[in-house]
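Structure first, then comments.
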Amino acid sequence: MSFEWIIRIATENWPLFLRGAGITLLIAIIGTIIGAFIGLVIGVIRTIPEPERGLKKILLKVTNFILACYIEFFRGTPMMVQAMVIYYGSALAFGVDIDKLWAAIIIVSINTGAYMAEIVRGGIISIDKGQFEAAHAIGMNHFQTMTTIVLPQAIRNILPATGNEFIINIKDTSVLNVIAVSELFFTTNSIAGSNFRYFEAFSIACLLYLVMTFTVTRILRYMERKLDGPETYTMNQMQV
Amino acid sequence: MEKIIDVKHLSKSFGENVVLRDINFSVHKGEVVCIIGSSGSGKSTLLRCVNLLETPSGGEIIYKGENILDDKHNVYKYRQKLGMVFQQFNLFNNFNVLKNCTIGPMKLLKRSKEEAEAIAMKYLKLVGMEQFINAKPRQLSGGQKQRVAIARALSMEPDVMLFDEPTSALDPEMVGEVLKVMKELANSGLTMLVVTHEMDFAKEVSDRVVFMDQGVIAEEGPPEQIFNNPHQERTKEFLKRILRR
Ligand SMILES: Nc1ncnc2c1ncn2[C@@H]1O[C@H](COP(=O)(O)OP(=O)(O)O)[C@@H](O)[C@H]1O
Ligand SMILES: [Mg+2]
């Protein structure tokens with residue numbers, strides 16, 4: 001009976017499953033945070049208004065070209081293939097095995113960074129031009145305008161998309177089993193391999209993935225609502 | 001009287017499209033100058049050139065004796081001295097009413113929070129919005145937003161206030177509340193440069209009226225001249241058109 005096997009596999013291997021889920025979550029969280037940070041920096045650079053002339057203009061053009069290459073490359077190739085190239089490539093190049101967990105985190109980070117760069121850029125250019133103009137009109141420079149007025153609004157607007165990236169990362173870390181990181185998929189696979197109960201073991205993994213993504217979705221919704229503040233405002237009666 | 005802004009031979013093109021040609025005019029301390037003219041005549045562009053939201057293609061803008069188009073001149077410091085009120089309000093959507101008015105003074109003029117809030121409250125009271133300091137822009141009506149925008153600009157304690165059709169985006173019943181505030185400001189001796197379609201307002205408060213047509217200043221003079229005895233044919237036609245409505 002499958003169901004009995006599920007119970008049995010779960011009771012016998014729960015520390016392994018939890019560890020696998022933990023590593024999956026760890027890679028997804030750190031990868032999303034670093035990726036979001038990379039995306040933020042690149043998105044901000046890619047929306048710098050072009051200077052009229054001079055060295056700055058050339059420098060910005062070159063930088064933007066390199067960043068565009070980075071984005072195209074990592075969005076245009078499967079993460080599974082990137083993982084192989086980076087993991088084995090670094091072994092070839094430096095003659096050392098980088099720690100598998102670190103390799104996994106690095107791969108997810110730069111992959112997420114490429115997606116987030118475009119999300120952030122979209123978030124910035126969707127902010128009304130009037131917000132930039134009002135900030136410039138009171139005397140803010142580009143940096144002050146971005147940090148105090150534009151980015152807070154852009155970040156709020158891209159929060160759902162960022163949460164989405166996080167969910168995708170939780171699921172997509174499974175492809176990292178190709179470099180033998182002991183995340184949930186890899187762990188499940190080895191548990192299943194020891195007793196040839198693939199359906200039962202992966203049913204457990206399935207449930208664990210679902211619990212993780214569902215929980216994260218709820219937490220993000222809650223955070224969004226918190227950030228938006230109350231729907232109403234209180235009248236100021238105080239005589240200042 | 002002291003000239004605060006002196007525009008000399010200003011021109012502006014967008015690519016091939018020449019929008020302003022050889023514009024000369026000045027604003028003296030305490031003066032209220034209204035700019036009128038049909039849509040597309042270059043009024044907004046002129047105002048935006050004055051605070052360098054647009055870079056002029058040629059000419060000079062002298063601010064208190066200095067040409068601010070010199071490369072060495074600090075654009076950001078200069079803009080702090082000019083308050084700007086937009087047709088579309090452009091309140092900072094991520095801040096409440098009070099923070100909209102204190103962010104500039106705190107961040108740019110390095111005022112303390114207490115100082116900035118005291119100044120902001122003074123101007124929010126002036127525009128009748130002191131009760132709404134906790135509201136976010138999206139919770140306000142158009143007229144309320146525009147009054148906050150005026151308070152935000154005043155909180156920087158600028159030398160000159162620029163208004164670009166401040167009532168054109170408002171529902172008719174809200175135009176009055178904004179014009180009332182602007183009249184009070186004009187009477188208080190504030191230096192103002194106002195682009196407007198409100199001819200009664202221009203007639204009543206301005207010291208001088210500038211009439212623009214197709215990128216040039218077609219006529220300039222005291223309101224009595226412009227509205228009762230215009231010298232130029234173009235001015236007469238414009239007034240006939242706009243007053244018939
Ligand atoms: N950023 C821009 N790029 C190109 N053309 C512009 C731009 N801004 C304004 N114009 C043109 O300049 C002319 C004057 O516009 P504007 O100053 O907005 O007129 P007004 O405020 O008097 O209605 C119009 O023909 C408009 O199409
Ligand atoms: Mg206009």
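Each chain of the structure tokens is named A, B, ... in the order shown, its residues numbered from 1; ligands are numbered from 1 in display order.
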
Query - DSSP alpha helix (DSSP H) selection over region 16-237 of chain A, as number ranges by chain - result: A: 16-46, 55-76, 79-94, 100-125, 129-137, 142-144, 151-172, 184-195, 198-228

Can you tell me which residues come within 6 Å of ligand 1 when counting only C-alpha atoms and all ligand atoms, ideally as a PDB file with all heavy atoms, in the first residue's frame?
ATOM      1  N   PHE B  14      13.028  71.726 -29.408  1.00  0.00           N
ATOM      2  CA  PHE B  14      13.052  70.278 -29.229  1.00  0.00           C
ATOM      3  C   PHE B  14      13.368  69.695 -30.596  1.00  0.00           C
ATOM      4  O   PHE B  14      12.500  69.654 -31.466  1.00  0.00           O
ATOM      5  CB  PHE B  14      11.704  69.758 -28.729  1.00  0.00           C
ATOM      6  CG  PHE B  14      11.361  70.203 -27.340  1.00  0.00           C
ATOM      7  CD1 PHE B  14      10.414  71.194 -27.122  1.00  0.00           C
ATOM      8  CD2 PHE B  14      11.996  69.630 -26.239  1.00  0.00           C
ATOM      9  CE1 PHE B  14      10.101  71.606 -25.833  1.00  0.00           C
ATOM     10  CE2 PHE B  14      11.681  70.037 -24.958  1.00  0.00           C
ATOM     11  CZ  PHE B  14      10.733  71.028 -24.753  1.00  0.00           C
ATOM     12  N   VAL B  19      10.459  76.072 -30.083  1.00  0.00           N
ATOM     13  CA  VAL B  19       9.307  76.305 -29.211  1.00  0.00           C
ATOM     14  C   VAL B  19       9.342  77.700 -28.587  1.00  0.00           C
ATOM     15  O   VAL B  19       8.313  78.332 -28.388  1.00  0.00           O
ATOM     16  CB  VAL B  19       9.248  75.216 -28.120  1.00  0.00           C
ATOM     17  CG1 VAL B  19       8.170  75.509 -27.119  1.00  0.00           C
ATOM     18  CG2 VAL B  19       9.019  73.850 -28.764  1.00  0.00           C
ATOM     19  N   SER B  39      -2.986  77.465 -25.850  1.00  0.00           N
ATOM     20  CA  SER B  39      -2.319  76.199 -25.592  1.00  0.00           C
ATOM     21  C   SER B  39      -1.297  75.914 -26.692  1.00  0.00           C
ATOM     22  O   SER B  39      -1.582  76.121 -27.866  1.00  0.00           O
ATOM     23  CB  SER B  39      -3.398  75.126 -25.535  1.00  0.00           C
ATOM     24  OG  SER B  39      -2.813  73.873 -25.507  1.00  0.00           O
ATOM     25  N   GLY B  40      -0.120  75.497 -26.304  1.00  0.00           N
ATOM     26  CA  GLY B  40       0.929  75.202 -27.268  1.00  0.00           C
ATOM     27  C   GLY B  40       1.806  76.391 -27.617  1.00  0.00           C
ATOM     28  O   GLY B  40       2.724  76.288 -28.421  1.00  0.00           O
ATOM     29  N   SER B  41       1.550  77.551 -26.967  1.00  0.00           N
ATOM     30  CA  SER B  41       2.334  78.741 -27.300  1.00  0.00           C
ATOM     31  C   SER B  41       3.696  78.760 -26.602  1.00  0.00           C
ATOM     32  O   SER B  41       4.523  79.620 -26.891  1.00  0.00           O
ATOM     33  CB  SER B  41       1.544  80.004 -26.943  1.00  0.00           C
ATOM     34  OG  SER B  41       1.176  79.987 -25.591  1.00  0.00           O
ATOM     35  N   GLY B  42       3.920  77.825 -25.698  1.00  0.00           N
ATOM     36  CA  GLY B  42       5.242  77.726 -25.075  1.00  0.00           C
ATOM     37  C   GLY B  42       5.316  78.204 -23.634  1.00  0.00           C
ATOM     38  O   GLY B  42       6.408  78.351 -23.079  1.00  0.00           O
ATOM     39  N   LYS B  43       4.169  78.412 -22.996  1.00  0.00           N
ATOM     40  CA  LYS B  43       4.158  78.939 -21.625  1.00  0.00           C
ATOM     41  C   LYS B  43       4.828  77.983 -20.645  1.00  0.00           C
ATOM     42  O   LYS B  43       5.682  78.379 -19.848  1.00  0.00           O
ATOM     43  CB  LYS B  43       2.709  79.208 -21.168  1.00  0.00           C
ATOM     44  CG  LYS B  43       1.918  80.093 -22.116  1.00  0.00           C
ATOM     45  CD  LYS B  43       0.503  80.319 -21.645  1.00  0.00           C
ATOM     46  CE  LYS B  43      -0.359  79.069 -21.546  1.00  0.00           C
ATOM     47  NZ  LYS B  43      -0.599  78.362 -22.824  1.00  0.00           N
ATOM     48  N   SER B  44       4.416  76.702 -20.700  1.00  0.00           N
ATOM     49  CA  SER B  44       5.003  75.723 -19.786  1.00  0.00           C
ATOM     50  C   SER B  44       6.496  75.578 -20.038  1.00  0.00           C
ATOM     51  O   SER B  44       7.291  75.526 -19.092  1.00  0.00           O
ATOM     52  CB  SER B  44       4.356  74.354 -19.962  1.00  0.00           C
ATOM     53  OG  SER B  44       3.000  74.415 -19.614  1.00  0.00           O
ATOM     54  N   THR B  45       6.861  75.525 -21.299  1.00  0.00           N
ATOM     55  CA  THR B  45       8.277  75.374 -21.627  1.00  0.00           C
ATOM     56  C   THR B  45       9.083  76.534 -21.059  1.00  0.00           C
ATOM     57  O   THR B  45      10.172  76.329 -20.513  1.00  0.00           O
ATOM     58  CB  THR B  45       8.461  75.276 -23.156  1.00  0.00           C
ATOM     59  OG1 THR B  45       7.615  74.242 -23.652  1.00  0.00           O
ATOM     60  CG2 THR B  45       9.887  74.977 -23.519  1.00  0.00           C
TER      61      THR B  45
END

Query - Nearest residue to ligand 2 from the set B:Lys145, B:Lys107, B:His197, B:Lys12 (distances using only C-alpha atoms and all ligand atoms) - result: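 That would be B:His197, the residue with the smallest distance to ligand 2.
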
Tell me, counting only C-alpha atoms and all ligand atoms, for each residue of chain B within 12 Å of ligand 2, which pair of atoms is nearest and how far apart they are in Å to one decimal, in rows ordered by chain and increasing number, as a Markdown table.
| residue | atom | partner | partner_atom_place_in_ligand_line | distance |
| --- | --- | --- | --- | --- |
| B:Ile35 | CA | ligand 2 | 1 (Mg) | 10.5 |
| B:Ile36 | CA | ligand 2 | 1 (Mg) | 10.1 |
| B:Gly37 | CA | ligand 2 | 1 (Mg) | 9.6 |
| B:Ser38 | CA | ligand 2 | 1 (Mg) | 9.1 |
| B:Ser39 | CA | ligand 2 | 1 (Mg) | 6.5 |
| B:Gly40 | CA | ligand 2 | 1 (Mg) | 6.9 |
| B:Ser41 | CA | ligand 2 | 1 (Mg) | 8.3 |
| B:Gly42 | CA | ligand 2 | 1 (Mg) | 7.0 |
| B:Lys43 | CA | ligand 2 | 1 (Mg) | 5.7 |
| B:Ser44 | CA | ligand 2 | 1 (Mg) | 4.1 |
| B:Thr45 | CA | ligand 2 | 1 (Mg) | 7.2 |
| B:Leu46 | CA | ligand 2 | 1 (Mg) | 9.3 |
| B:Leu47 | CA | ligand 2 | 1 (Mg) | 9.0 |
| B:Arg48 | CA | ligand 2 | 1 (Mg) | 9.7 |
| B:Phe86 | CA | ligand 2 | 1 (Mg) | 9.5 |
| B:Gln87 | CA | ligand 2 | 1 (Mg) | 8.1 |
| B:Gln88 | CA | ligand 2 | 1 (Mg) | 10.8 |
| B:Phe163 | CA | ligand 2 | 1 (Mg) | 10.4 |
| B:Asp164 | CA | ligand 2 | 1 (Mg) | 6.6 |
| B:Glu165 | CA | ligand 2 | 1 (Mg) | 6.8 |
| B:Pro166 | CA | ligand 2 | 1 (Mg) | 10.1 |
| B:Thr167 | CA | ligand 2 | 1 (Mg) | 11.6 |
| B:Ser168 | CA | ligand 2 | 1 (Mg) | 9.4 |
| B:Ala169 | CA | ligand 2 | 1 (Mg) | 11.1 |
| B:Val194 | CA | ligand 2 | 1 (Mg) | 11.1 |
| B:Val195 | CA | ligand 2 | 1 (Mg) | 7.8 |
| B:Thr196 | CA | ligand 2 | 1 (Mg) | 8.9 |
| B:His197 | CA | ligand 2 | 1 (Mg) | 10.0 |
| B:Met212 | CA | ligand 2 | 1 (Mg) | 11.6 |

Query - For Lys61 (chain A): contacts at 10 Å, only C-alpha atoms, fewer than 5 positions along chain excluded, given as a VMD selection string - result: chain A and resid 46 50 55 to 56 66 to 67

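Shortest atom-to-atom contact with chain A among B:His231, B:Arg79, B:Arg152, B:Arg208: B:Arg79, counting only C-alpha atoms.
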
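With only C-alpha atoms taken into account, the protein and nucleic acid residues at most 9 Å from region 210-225 of chain A (excluding it and anything under 4 positions from it in its own chain) are A:Ala21, A:Leu25, A:Arg156, A:Leu159, A:Pro160, A:Gly163, A:Asn164, A:Phe166, A:Ile167, A:Ile168, A:Ile170, A:Lys171, A:Ala205, A:Cys206, A:Gly229, A:Pro230.
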
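Among the candidates B:Leu243, B:Leu10, B:Ile23, B:Leu162, the one nearest to Phe211 (chain B) when counting only C-alpha atoms is B:Ile23.
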
Query - For Leu151 (chain A), the nearest of the candidates A:Leu92, A:Ala135, A:Ile27, A:Leu40, counting only C-alpha atoms - result: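 The shortest atom-to-atom distance to Leu151 (chain A) comes from A:Leu40.
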
Report task. Return as a PyMOL selection string the residues belonging to chain A that are within 9 Å of chain B, counting only C-alpha atoms. Result -> chain A and resi 128-141+144+148-150+152-153+231-240

Query raised in the report: Using only C-alpha atoms, which residues sit within 10 Å of region 31-39 of chain A once same-chain residues fewer than 4 positions away are excluded, as a PyMOL selection string?
Result: chain A and resi 25-27+43-45+71+104-121+162-163+165-170+173

**Report entry** Between CA of Glu220 (chain B) and CA of Asp70 (chain B) - distance in Å to one decimal
**Finding:**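 Computed distance, CA of Asp70 (chain B) to CA of Glu220 (chain B), equals 27.8 Å.
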